[in-house]
Amino acid sequence: MAVEPRFLLHRRTVLAAMVGSAAATLLGCGKDSVSRPPPGPPAEGVHIPDVRPGEDVFGYVQRLKGGFDETLYKQVLGAANAFKEGDALVGVAASDDASRVNARQLLENTRLVDLGAHPLHQDGLHALLVETEDRVAASSTADWTLGRLKQSLLEDDEAAIHLLMPGLGSDVIACVVKLMSDEELIAVGRKVFNPLPGSNLGARGYLGARVQPNSPTDNVDDIRWQVFDGWAYAVGDVVLGCNPVSSTPESVGAIESALHELLVTFGLEDVLPHCVLSHIDVQAEVERQRPGTTGIWFQSIAGSDTANATFDISVEKMLGYADTRSGKYGLYFETGQGADFTNGHGHGYDMVIHESRKYGFARALTQRVAKAQEGAGRAAAPWVHLNDVAGFIGPEVFRTREQLVRCCLEDIVMGKLHGLTIGLDVCSTLHMDVSLDDLDWCLERIMPANPAYLMGLPTKNDPMLGYLTTGFQDHVRLRERFGYKVEDRMWSFFQRLGVIDAAGRPTEHFGDPVWVYLQYLRAKGDTRPEADVRAEAAQQLASIRSRGVPIAVGHGANPWDLEPALEAEMRRVYADAKTSLWTELSEPFIAAVPGGVRLVTKSKDRSEYILHPETGEQLDPASLDALRSLRVRHAGRYDVQVLVSDGLNALAIMDDGQLRPYLDALRAELTSAGYTPAPEHLVLTSGRVRAGYRVGEALFGGLGDAARHRALIHVIGERPGTGHHTFSAYITAPAVEVWSQAGRVDHNITRVVSGVALTAYAPRLAAPETVRLLKQLAPVGG
């Protein structure tokens with residue numbers, strides 16, 4: 001039985017699962033140095049020792065290769081970037097600062113028309129980008145060099161830049177930002193704005209917020225109260241956007257309905273949209289089942305056809321959806337540098353160009369939404385925006401706070417030059433070298449470029465995704481620090497709500513989500529005494545906090561300071577996450593796993609596992625031999641194999657009462673359902689999710705009936721930083737013929753049960769859910 005890809009892993013689950021994953025075919029690493037390399041062999045990376053006066057990229061390639069050479073062309077463009085680990089992995093980072101300066105000089109001399117004539121990657125998306133560029137606007141700059149374009153962007157006013165923007169191709173926009181310093185990027189960012197229609201969202205001097213009310217268990221109480229919490233701090237004017245744990249239409253529909261009901265109760269449905277960030281197919285199905293309950297529709301997008309296929313989308317599919325978005329709210333996109341090559345679709349060129357092409361895709365889809373709205377009699381100014389998730393993948397994309405700032409500034413400018421309303425998720429995973437305090441440092445340096453919005457959570461720590469981003473208090477601080485405003489209609493709402501006064505100052509109700517809850521109940525006709533409501537709220541908040549979801553109340557010495565006890569708890573969770581990340585499975589624990597068969601990956605130690613995640617995706621030769629022996633011993637008798645890995649959170653596997661009850665319940669459920677699980681439990685140290693696919697290939701590839709399904713259930717520790725020690729179960733069950741094709745099995749045919757812990761999704765409940773999903777992928781005997 002085939003399962004539609006739309007019900008498989010959604011984008012954030014994929015990224016969380018593969019944090020650090022990189023294709024085995026990437027071209028190698030380069031290292032940045034601070035000076036020209038000494039005489040002798042050049043340093044790793046792209047070495048550009050000299051350029052001639054007036055020479056452009058194509059002249060340089062011609063001089064070295066005697067004709068056009070695509071590989072060298074991509075390397076020169078990549079070498080112009082500020083250093084990031086992701087470009088080094090792809091093999092296009094400059095070997096030293098001198099090479100970077102020379103690459104930029106070549107780019108400065110290169111004409112826009114020549115860049116357009118040499119696309120780095122031609123596919124359906126590239127054709128769409130070319131088709132949607134404004135030919136008239138493009139003709140006015142065709143003979144310009146990138147150096148002249150940079151000068152124009154820095155010296156001309158906003159109106160003049162807006163005239164140029166429709167004709168600028170995505171590769172051109174990517175290349176011109178390579179030439180700018182951080183200060184120059186800020187200068188352009190604070191000059192160009194693309195506000196959403198009928199609002200000040202994305203306008204000069206405004207900084208909005210997406211309230212991100214994520215729950216480890218998709219509990220609508222968790223979600224609803226986080227919205228109350230954001231509004232208590234006068235935060236949340238762009239979208240109420242929840243990442244679901246489950247992407248089934250039933251679960252997504254329940255969250256959509258809960259968010260929609262909040263907006264309707266407060267009379268905000270025409271002011272603020274809501275969104276559940278599942279696959280767009282699922283959102284469409286929910287709208288079909290529950291008409292009128294969905295808001296703006298979300299989808300992650302990538303910079304090439306092959307990378308988009310990882311998200312189970314295509315140019316045609318997305319254009320089709322854009323054509324249907326004729327209501328007030330259109331589409332919401334998420335992107336992020338590094339997502340393409342970590343999905344195995346780097347195509348040999350750098351992360352900045354990949355990211356820019358995503359913005360070109362968003363621009364093209366915005367144009368289609370505009371036509372749909374115009375056809376429905378609405379003004380052709382669609383409500384479409386994009387969130388750049390900068391920092392979510394891990395240290396193989398970039399490691400330092402300086403690189404995070406650079407990425408955000410590049411993306412702000414590229415998004416704005418594409419005509420987009422662009423927000424940021426300035427974030428860090430726990431295995432990056434970017435701390436809680438570093439995020440504040442980054443925000444201070446990014447905010448002068450005036451992005452449209454940031455994320456907003458009760459603290460910096462997301463309780464479901466387990467990463468660091470911006471909290472409600474950060475918004476209060478940044479508004480004070482930079483003088484940024486909240487969208488006017490929502491600011492008026494916050495004043496009516498009573499959390500700020502007519503002058504915009506905090507009232508006695510500021511930072512009191514129970515007050516917002518009271519106003520919610522009053523709007524629904526509840527007349528109970530306030531004391532009764534507050535008592536009821538206290539019970540609800542206690543339950544929510546027991547599930548590991550923080551709710552901010554009050555503040556510290558300043559309105560923008562987190563309440564001290566909650567600040568301490570956030571830092572405790574952060575410290576626990578670091579411990580979880582660096583802990584390894586102990587030898588006594590491994591020995592106690594029933595029927596355990598020890599496997600290891602090619603990671604030499606924990607540091608290499610974290611910094612070079614591709615090593616954790618491949619098994620060492622001795623482990624492959626052990627699997628071959630096991631395969632012979634099994635002789636095809638078993639249709640399910642269980643694999644246990646430490647992943648990024650070994651404590652989630654080793655904590656008492658977590659793994660063993662799950663395994664016992666899982667084996668009982670499998671047997672009851674008619675499956676035949678292998679008696680052994682494979683135990684893998686330094687294992688990534690993709691290592692499980694390699695285990696399945698070794699056990700099942702070429703085994704017996706090619707049409708018979710064989711399943712691997714990969715139990716792996718994940719998401720340090722949620723406040724829980726959670727593991728997930730990745731269920732992969734294709735036919736033997738698919739297992740037999742090396743590299744064919746990947747995330748796109750896998751389902752997941754995530755957030756399993758005694759304090760989150762109980763192991764005894766997760767086991768039957770695992771088998772329920774397995775039945776959908778591979779019926780017994782199929």
# chains A, B, ... in the order shown; residues from 1 in each chain; ligands from 1
>>> residues_around(residues="Val113 of chain A", least_positions_apart="3", cutoff="9 Å", atoms="only C-alpha atoms", output="ChimeraX atom specification")
/A:110,116-118,138-139,141-145
>>> write_last_selection(atoms="C-alpha atoms", output="CSV table (one decimal), in the first residue's frame")
chain,number,residue,atom,x,y,z
A,110,THR,CA,31.2,40.9,-15.0
A,116,GLY,CA,22.1,35.6,-17.6
A,117,ALA,CA,23.6,33.8,-20.6
A,118,HIS,CA,25.5,31.3,-18.4
A,138,ALA,CA,16.1,44.0,-17.4
A,139,SER,CA,17.0,45.8,-20.7
A,141,THR,CA,20.7,47.2,-16.8
A,142,ALA,CA,21.7,44.4,-19.2
A,143,ASP,CA,25.1,46.1,-20.1
A,144,TRP,CA,25.8,47.1,-16.5
A,145,THR,CA,28.5,45.3,-14.6
>>> residues_around(residues="Val101 of chain A", least_positions_apart="3", cutoff="9 Å", atoms="only C-alpha atoms", output="list in words")
Ile48, Ala79, Ala80, Asp96, Asp97, Ala98, Arg104, Gln105 and Leu106 of chain A
>>> residues_around(residues="segment 654-664 of chain A", least_positions_apart="6", cutoff="10 Å", atoms="only C-alpha atoms", output="PyMOL selection string")
chain A and resi 584-586+589-590+592-594+642+644+646+681+715-717+725-727+756-759+762-768
>>> closest_atom_pairs(of="segment 89-205 of chain A", to="segment 303-319 of chain A", cutoff="12 Å", atoms="only C-alpha atoms", output="CSV")
residue,atom,partner,partner_atom,distance
A:Leu120,CA,A:Ser304,CA,10.8
A:His121,CA,A:Ser304,CA,8.0
A:Gln122,CA,A:Ser304,CA,8.6
A:Asp123,CA,A:Asp305,CA,6.4
A:Gly124,CA,A:Asp305,CA,6.5
A:Leu125,CA,A:Asp305,CA,6.1
A:His126,CA,A:Ser304,CA,7.6
A:Ala127,CA,A:Val315,CA,9.9
A:Leu128,CA,A:Val315,CA,8.0
A:Leu129,CA,A:Val315,CA,10.5
A:Ser170,CA,A:Gly303,CA,10.2
A:Asp171,CA,A:Gly303,CA,11.0
>>> select_by_dssp(residues="segment 321-539 of chain A", states="strand (DSSP E or B)", output="ChimeraX atom specification")
/A:329-335,383-390,421-426,428,453-457,461,468,471,485,500,506
>>> write_last_selection(atoms="C-alpha atoms", output="mmCIF file, in the first residue's frame")
data_model
loop_
_atom_site.group_PDB
_atom_site.id
_atom_site.type_symbol
_atom_site.label_atom_id
_atom_site.label_comp_id
_atom_site.auth_asym_id
_atom_site.auth_seq_id
_atom_site.Cartn_x
_atom_site.Cartn_y
_atom_site.Cartn_z
ATOM 1 C CA TYR A 329 -4.315 35.567 2.460
ATOM 2 C CA GLY A 330 -2.043 33.953 -0.097
ATOM 3 C CA LEU A 331 1.097 31.929 0.592
ATOM 4 C CA TYR A 332 3.809 31.728 3.236
ATOM 5 C CA PHE A 333 7.241 30.280 2.389
ATOM 6 C CA GLU A 334 10.215 29.136 4.430
ATOM 7 C CA THR A 335 13.774 28.768 3.186
ATOM 8 C CA TRP A 383 -0.512 38.771 0.932
ATOM 9 C CA VAL A 384 2.579 36.596 0.448
ATOM 10 C CA HIS A 385 5.648 36.575 2.662
ATOM 11 C CA LEU A 386 8.772 34.539 3.285
ATOM 12 C CA ASN A 387 10.588 33.481 6.436
ATOM 13 C CA ASP A 388 14.316 32.824 6.156
ATOM 14 C CA VAL A 389 15.202 30.154 8.728
ATOM 15 C CA ALA A 390 18.844 31.063 9.191
ATOM 16 C CA THR A 421 8.224 40.780 2.437
ATOM 17 C CA ILE A 422 10.962 38.851 4.208
ATOM 18 C CA GLY A 423 11.216 37.896 7.866
ATOM 19 C CA LEU A 424 13.887 36.021 9.774
ATOM 20 C CA ASP A 425 14.140 33.114 12.127
ATOM 21 C CA VAL A 426 17.491 34.097 13.637
ATOM 22 C CA SER A 428 20.751 28.283 16.395
ATOM 23 C CA TYR A 453 9.524 40.203 11.239
ATOM 24 C CA LEU A 454 11.059 37.686 13.638
ATOM 25 C CA MET A 455 9.801 34.598 15.437
ATOM 26 C CA GLY A 456 8.216 34.977 18.858
ATOM 27 C CA LEU A 457 8.158 32.334 21.634
ATOM 28 C CA ASN A 461 13.900 27.906 23.433
ATOM 29 C CA LEU A 468 17.074 28.633 19.949
ATOM 30 C CA GLY A 471 11.456 35.198 22.501
ATOM 31 C CA LYS A 485 6.724 49.605 15.711
ATOM 32 C CA ILE A 500 -0.368 48.696 26.738
ATOM 33 C CA PRO A 506 3.110 48.636 29.507
#
